[in-house]
Each structure stands twice: as structure tokens, then as C-alpha cells.
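Participant: Okay, so here is coords_25.cif, and as you'll see once you scroll down, it has mmCIF, C-alpha atoms.
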data_final
#
loop_
_atom_site.label_atom_id
_atom_site.label_comp_id
_atom_site.auth_asym_id
_atom_site.auth_seq_id
_atom_site.Cartn_x
_atom_site.Cartn_y
_atom_site.Cartn_z
CA MET A 135 -158.81 -0.25 -34.91
CA GLY A 136 -157.48 -3.62 -34.55
CA ARG A 137 -156.45 -5.31 -31.49
CA ARG A 138 -152.72 -5.73 -30.79
CA SER A 139 -151.52 -9.19 -30.07
CA GLN A 140 -149.41 -9.50 -26.98
CA VAL A 141 -147.00 -12.23 -26.05
CA ARG A 142 -148.07 -13.43 -22.70
CA SER A 143 -146.03 -15.44 -20.28
CA GLY A 144 -147.06 -19.05 -20.07
CA THR A 145 -148.15 -19.33 -23.68
CA VAL A 146 -146.20 -21.02 -26.44
CA GLY A 147 -145.18 -17.67 -27.96
CA GLY A 148 -144.13 -16.29 -24.58
CA CYS A 149 -141.95 -19.29 -23.76
CA LEU A 150 -140.33 -19.17 -27.19
CA PHE A 151 -139.63 -15.42 -26.87
CA ASN A 152 -138.20 -15.77 -23.33
CA GLY A 153 -136.07 -18.78 -24.37
CA CYS A 154 -134.59 -16.90 -27.33
CA LEU A 155 -133.72 -13.95 -25.11
CA THR A 156 -132.08 -16.25 -22.60
CA VAL A 157 -129.99 -17.98 -25.28
CA LEU A 158 -128.96 -14.65 -26.83
CA GLY A 159 -128.01 -13.26 -23.42
CA GLY A 160 -125.94 -16.37 -22.70
CA LEU A 161 -124.16 -16.14 -26.05
CA LEU A 162 -123.42 -12.46 -25.45
CA LEU A 163 -121.90 -13.34 -22.07
CA VAL A 164 -119.73 -16.11 -23.59
CA VAL A 165 -118.49 -13.83 -26.40
CA THR A 166 -117.70 -11.02 -23.94
CA VAL A 167 -115.76 -13.27 -21.57
CA THR A 168 -113.81 -14.84 -24.46
CA TRP A 169 -112.97 -11.42 -25.87
CA ILE A 170 -111.68 -10.17 -22.51
CA TRP A 171 -109.65 -13.36 -22.00
CA LEU A 172 -108.03 -13.06 -25.46
CA ALA A 173 -107.35 -9.33 -25.02
CA THR A 174 -105.50 -9.84 -21.72
CA GLU A 175 -103.50 -12.90 -22.84
CA PRO A 176 -100.39 -10.96 -24.01
CA ALA A 177 -100.09 -9.22 -20.64
CA ARG A 178 -100.40 -12.55 -18.80
CA ASP A 179 -97.73 -14.10 -21.05
CA GLU A 180 -95.37 -11.16 -20.50
CA SER A 181 -95.87 -11.42 -16.74
CA THR A 182 -94.99 -15.11 -16.88
CA ALA A 183 -91.88 -14.31 -18.96
CA ARG A 184 -90.79 -11.65 -16.43
CA ASP A 185 -91.25 -14.15 -13.60
CA ASP A 186 -89.07 -16.63 -15.51
CA LEU A 187 -86.43 -13.93 -16.04
CA ARG A 188 -86.39 -13.13 -12.29
CA ALA A 189 -86.04 -16.84 -11.51
CA GLN A 190 -83.09 -17.12 -13.92
CA VAL A 191 -81.38 -14.12 -12.32
CA ASP A 192 -81.82 -15.62 -8.84
CA ALA A 193 -80.53 -19.00 -10.04
CA ARG A 194 -77.43 -17.43 -11.63
CA ARG A 195 -76.78 -15.41 -8.45
CA GLY A 196 -76.93 -18.61 -6.41
CA GLU A 197 -74.56 -20.41 -8.78
CA LEU A 198 -72.07 -17.53 -8.63
CA ASP A 199 -72.25 -17.56 -4.82
CA ARG A 200 -71.57 -21.33 -4.76
CA GLU A 201 -68.68 -21.10 -7.24
CA ALA A 202 -67.07 -18.15 -5.44
CA ALA A 203 -67.51 -19.64 -1.96
CA ASP A 204 -64.16 -21.44 -2.20
CA GLY A 205 -62.44 -18.18 -3.15
CA GLU A 206 -62.00 -18.93 -6.86
CA LEU A 207 -64.04 -17.90 -9.87
CA SER A 208 -62.54 -18.89 -13.21
CA ASP A 209 -63.61 -17.90 -16.70
CA ALA A 210 -64.67 -21.50 -17.31
CA ASP A 211 -67.03 -21.31 -14.32
CA ILE A 212 -68.52 -18.09 -15.66
CA ALA A 213 -68.94 -19.59 -19.15
CA ARG A 214 -70.73 -22.60 -17.64
CA ILE A 215 -73.05 -20.43 -15.53
CA PHE A 216 -73.89 -18.03 -18.40
CA PRO A 217 -74.13 -20.02 -21.65
CA ALA A 218 -75.31 -18.26 -24.80
CA ALA A 219 -79.04 -18.92 -25.20
CA ARG A 220 -81.25 -18.90 -28.29
CA ALA A 221 -81.75 -15.15 -28.28
CA GLY A 222 -79.78 -14.28 -25.15
CA ALA A 223 -76.19 -13.23 -25.29
CA GLY A 224 -75.08 -15.06 -22.15
CA ALA A 225 -71.98 -13.54 -20.55
CA VAL A 226 -70.92 -10.56 -22.65
CA GLY A 227 -68.22 -9.15 -20.40
CA VAL A 228 -66.13 -10.00 -17.35
CA THR A 229 -64.31 -7.27 -15.47
CA ARG A 230 -61.76 -8.16 -12.83
CA SER A 231 -60.42 -5.41 -10.61
CA GLY A 232 -58.33 -6.74 -7.78
CA ALA A 233 -60.29 -9.50 -6.12
CA ALA A 234 -63.71 -8.29 -7.30
CA VAL A 235 -65.39 -9.76 -10.37
CA THR A 236 -68.23 -8.15 -12.33
CA VAL A 237 -70.04 -10.24 -14.94
CA VAL A 238 -72.33 -8.51 -17.44
CA ALA A 239 -74.80 -10.96 -18.94
CA GLY A 240 -77.84 -10.92 -21.16
CA LEU A 241 -80.63 -13.28 -20.14
CA ILE A 242 -84.00 -14.14 -21.70
CA GLY A 243 -87.23 -14.89 -19.84
CA HIS A 244 -89.66 -17.23 -21.65
CA GLY A 245 -93.42 -17.16 -21.38
CA PRO A 246 -95.74 -20.07 -22.10
CA PRO A 247 -95.81 -21.26 -25.71
CA ARG A 248 -99.09 -20.70 -27.56
CA THR A 249 -100.33 -22.78 -30.47
CA PHE A 250 -103.54 -21.03 -31.52
CA ILE A 251 -102.86 -20.41 -35.21
CA PHE A 252 -99.07 -20.06 -35.15
CA VAL A 253 -96.70 -21.32 -32.50
CA THR A 254 -95.61 -18.27 -30.52
CA GLU A 255 -93.78 -17.60 -27.31
CA ARG A 256 -93.40 -14.32 -25.44
CA THR A 257 -89.80 -13.53 -24.51
CA VAL A 258 -88.45 -10.73 -22.33
CA PRO A 259 -84.75 -9.81 -22.56
CA GLY A 260 -82.76 -8.51 -19.62
CA CYS A 261 -79.24 -7.21 -19.14
CA TYR A 262 -77.68 -7.56 -15.69
CA ALA A 263 -74.39 -6.89 -13.94
CA PHE A 264 -73.49 -9.48 -11.31
CA ASP A 265 -71.00 -8.08 -8.77
CA VAL A 266 -69.32 -11.02 -7.05
CA PRO A 267 -68.04 -9.89 -3.64
CA VAL A 268 -64.81 -10.82 -1.95
CA MET A 269 -65.86 -13.79 0.15
CA GLY A 270 -65.00 -12.84 3.70
CA GLY A 271 -67.97 -14.39 5.44
CA GLU A 272 -71.05 -16.44 4.89
CA GLY A 273 -73.40 -13.46 4.65
CA ALA A 274 -71.80 -12.06 1.47
CA ARG A 275 -74.00 -12.39 -1.61
CA THR A 276 -73.59 -11.48 -5.23
CA ALA A 277 -75.23 -8.13 -5.98
CA VAL A 278 -77.29 -7.81 -9.15
CA ARG A 279 -77.85 -4.57 -11.04
CA ASP A 280 -80.32 -4.13 -13.88
CA LEU A 281 -78.65 -2.52 -16.91
CA PRO A 282 -80.15 -1.00 -20.06
CA GLN A 283 -80.51 -3.54 -22.84
CA GLU A 284 -78.14 -1.49 -25.02
CA LYS A 285 -75.22 -2.42 -22.71
CA CYS A 286 -75.59 -6.09 -23.61
CA ARG A 287 -76.17 -5.38 -27.29
CA ALA A 288 -73.13 -3.11 -27.50
CA ALA A 289 -70.92 -5.61 -25.67
CA ALA A 290 -72.20 -8.64 -27.59
CA PRO A 291 -69.75 -9.75 -30.25
CA THR A 292 -70.82 -9.88 -33.89
CA ALA A 293 -68.49 -12.43 -35.50
CA SER A 294 -67.79 -14.84 -32.66
CA PRO A 295 -70.42 -15.78 -30.10
CA ARG A 296 -68.30 -15.08 -26.98
CA PRO A 297 -64.76 -13.77 -27.25
CA THR A 298 -64.58 -12.26 -23.76
CA VAL A 299 -65.22 -15.49 -21.86
CA SER A 300 -63.69 -18.62 -23.26
CA PRO A 301 -64.70 -21.94 -21.69
CA GLY A 302 -61.18 -23.37 -21.92
CA ALA A 303 -59.52 -20.43 -20.20
CA SER A 304 -57.59 -21.30 -17.10
CA ARG A 305 -57.23 -17.78 -15.70
CA THR A 306 -58.43 -17.82 -12.12
CA VAL A 307 -58.75 -14.94 -9.71
CA ARG A 308 -58.48 -15.66 -6.00
CA LEU A 309 -61.22 -13.82 -4.13
CA ARG A 310 -59.64 -14.01 -0.68
#
Translate this structure into C-alpha cells?

Facilitator:
Amino acid sequence: MGRRSQVRSGTVGGCLFNGCLTVLGGLLLVVTVTWIWLATEPARDESTARDDLRAQVDARRGELDREAADGELSDADIARIFPAARAGAGAVGVTRSGAAVTVVAGLIGHGPPRTFIFVTERTVPGCYAFDVPVMGGEGARTAVRDLPQEKCRAAAPTASPRPTVSPGASRTVRLR
């Protein structure tokens, strides 16, 4: 029976064997981390797009509060606050009942653009109803309700981009 050769630590063969294992272990770690990072990227992009959508809703609420603070909210003001976006419908409906105004608008949240192989961007649509209160005091704020996306699609016009809110309209409702 022959003698088995062993790779012993401290010899040239042992150092080569240990070095190869170390390099292979490092490469396995790099591949695993990269795979996890790429697999979770769509969720991170969608989260960023949802944050952008929330920021847009808060900004529009603030603009409506500022415009209605003097007691007037015209169709031109609403058209300026809710312009039609690339994929968003903008303001798709304005309902005036007495002194209250409800604006239904479709907004789009944008995630970070990616340029790996193709240029892509994650977008998240949202449909909201903005209920502008009668301004009786400084504590009154516009209430925002989340609506199903079908409400904005059904109300969105097909031939003309925005027939319900025309920028040149001079119809004004006094809120006080």
C-alpha cells in the first residue's frame, strides 16, 4: 500500500490550496451580495416612487390651502396646481357643491431612473380626491382621500386632455 500525500499547512501546496479556497470564498460572497442587491432593487425603486407620490400629494394639498386661503378657488388655479403629466391625468374632475370644492386628480410618483441595459424608471400611479374646506379659520386644511385607480381612468377624457378644467375659465367660487 502506498502512502497518501497530504497537503500540510506551511508548505507550498498548503498555501496554494488555502489561497484558492480563500479566493473562491470571497468570490462566492461577492456574487451572493450582488445577487441580493439586484433582486431587491425593484422594491427599493417602488418605495422611492411611493415616497415621491406622497410628497406630490402633500405639495398639492399645500398649494390648494394657499389658493383657497383668500376665499377663492378658480378653475384656472386648479388647472395650474394639477397639470397633466406624462402618464398622469392631472385634474380629471372638479365638483362644486355650495362653497365646497372637491378635486379628483391622478398623480404619478417617479422612482430613480436606471440605466443598466435599458433606461427604465419605476412609476406608481395614484388617484386622489382633494376636499377643499370652507375657509373659516386658520386650522382648516384640505382633506385628501385615496381613490381606486379606476376612478381616475374612468373620469379621464379620451379625445381631449382635460375638458372638465379649462385653464382659461373664469368661473370662481367664493369659499366664505

Participant: Taking all atoms listed in the file into account, which of A:Thr168, A:Gln283, A:Thr257, A:Thr276 comes nearest Arg184 of chain A?

Facilitator: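 Between A:Thr168, A:Gln283, A:Thr257, A:Thr276, the residue approaching Arg184 of chain A most closely is A:Thr257.
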
Participant: May I ask which of the residues A:Glu197, A:Asp265, A:Glu255, A:Asp211 is the closest one to Thr236 of chain A, counting only C-alpha atoms?

Facilitator: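 With only C-alpha atoms as the atom set, the closest residue is A:Asp265.
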
Participant: Take atom CA of Arg230 of chain A and atom CA of Ile242 of chain A and report the distance between them in Å, one decimal.

Facilitator: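 Calculated distance between atom CA of Arg230 of chain A and atom CA of Ile242 of chain A is 24.7 Å.
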
Participant: Written as a list of chain:residue names, which residues does the PyMOL selection byres ((chain A and resi 185) around 12) give for the file shown?

Facilitator: A:Arg178, A:Asp179, A:Glu180, A:Ser181, A:Thr182, A:Ala183, A:Arg184, A:Asp186, A:Leu187, A:Arg188, A:Ala189, A:Gln190, A:Val191, A:Asp192, A:Ile242, A:Gly243, A:His244, A:Gly245, A:Pro246, A:Thr257, A:Val258, A:Pro259, A:Gly260

Participant: What would the selection look like, as a PDB file with C-alpha atoms, in the frame of the given file, if the PyMOL selection byres ((chain A and resi 280) around 6) were run on the coordinates I just shared?

Facilitator:
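Heads up, here's the output in part.pdb:
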ATOM      1  CA  TYR A 262     -77.680  -7.560 -15.690  1.00  0.00           C
ATOM      2  CA  ARG A 279     -77.850  -4.570 -11.040  1.00  0.00           C
ATOM      3  CA  LEU A 281     -78.650  -2.520 -16.910  1.00  0.00           C
TER       4      LEU A 281
END

Participant: Which residues match the PyMOL selection byres ((chain A and resi 278) around 6) in the file above, as a PyMOL selection string?

Facilitator: chain A and resi 263-264+277+279

Participant: Calculate how many Å separate atom CA of Gly227 of chain A from atom CA of Ala203 of chain A, rounding to one decimal.

Facilitator: 21.2 Å

Participant: Looking at only C-alpha atoms, which of A:Ala233, A:Val167, A:Val226, A:Ala218 is the one that sits closest to Glu206 of chain A?

Facilitator: A:Ala233

Participant: Have a look at atom CA of Asp199 of chain A and atom CA of Pro267 of chain A and let me know their distance in Å, one decimal.

Facilitator: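 Separating atom CA of Asp199 of chain A from atom CA of Pro267 of chain A is a distance of 8.8 Å.
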
Participant: Could you give me, as a list in words, the residues within 8 Å of Cys261 of chain A, counting only C-alpha atoms and dropping anything in the same chain fewer than 3 positions from it?

Facilitator: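 Answer for this query is Val238, Ala239, Gly240, Leu241, Asp280, Leu281, Pro282, Gln283, Lys285 and Cys286 of chain A.
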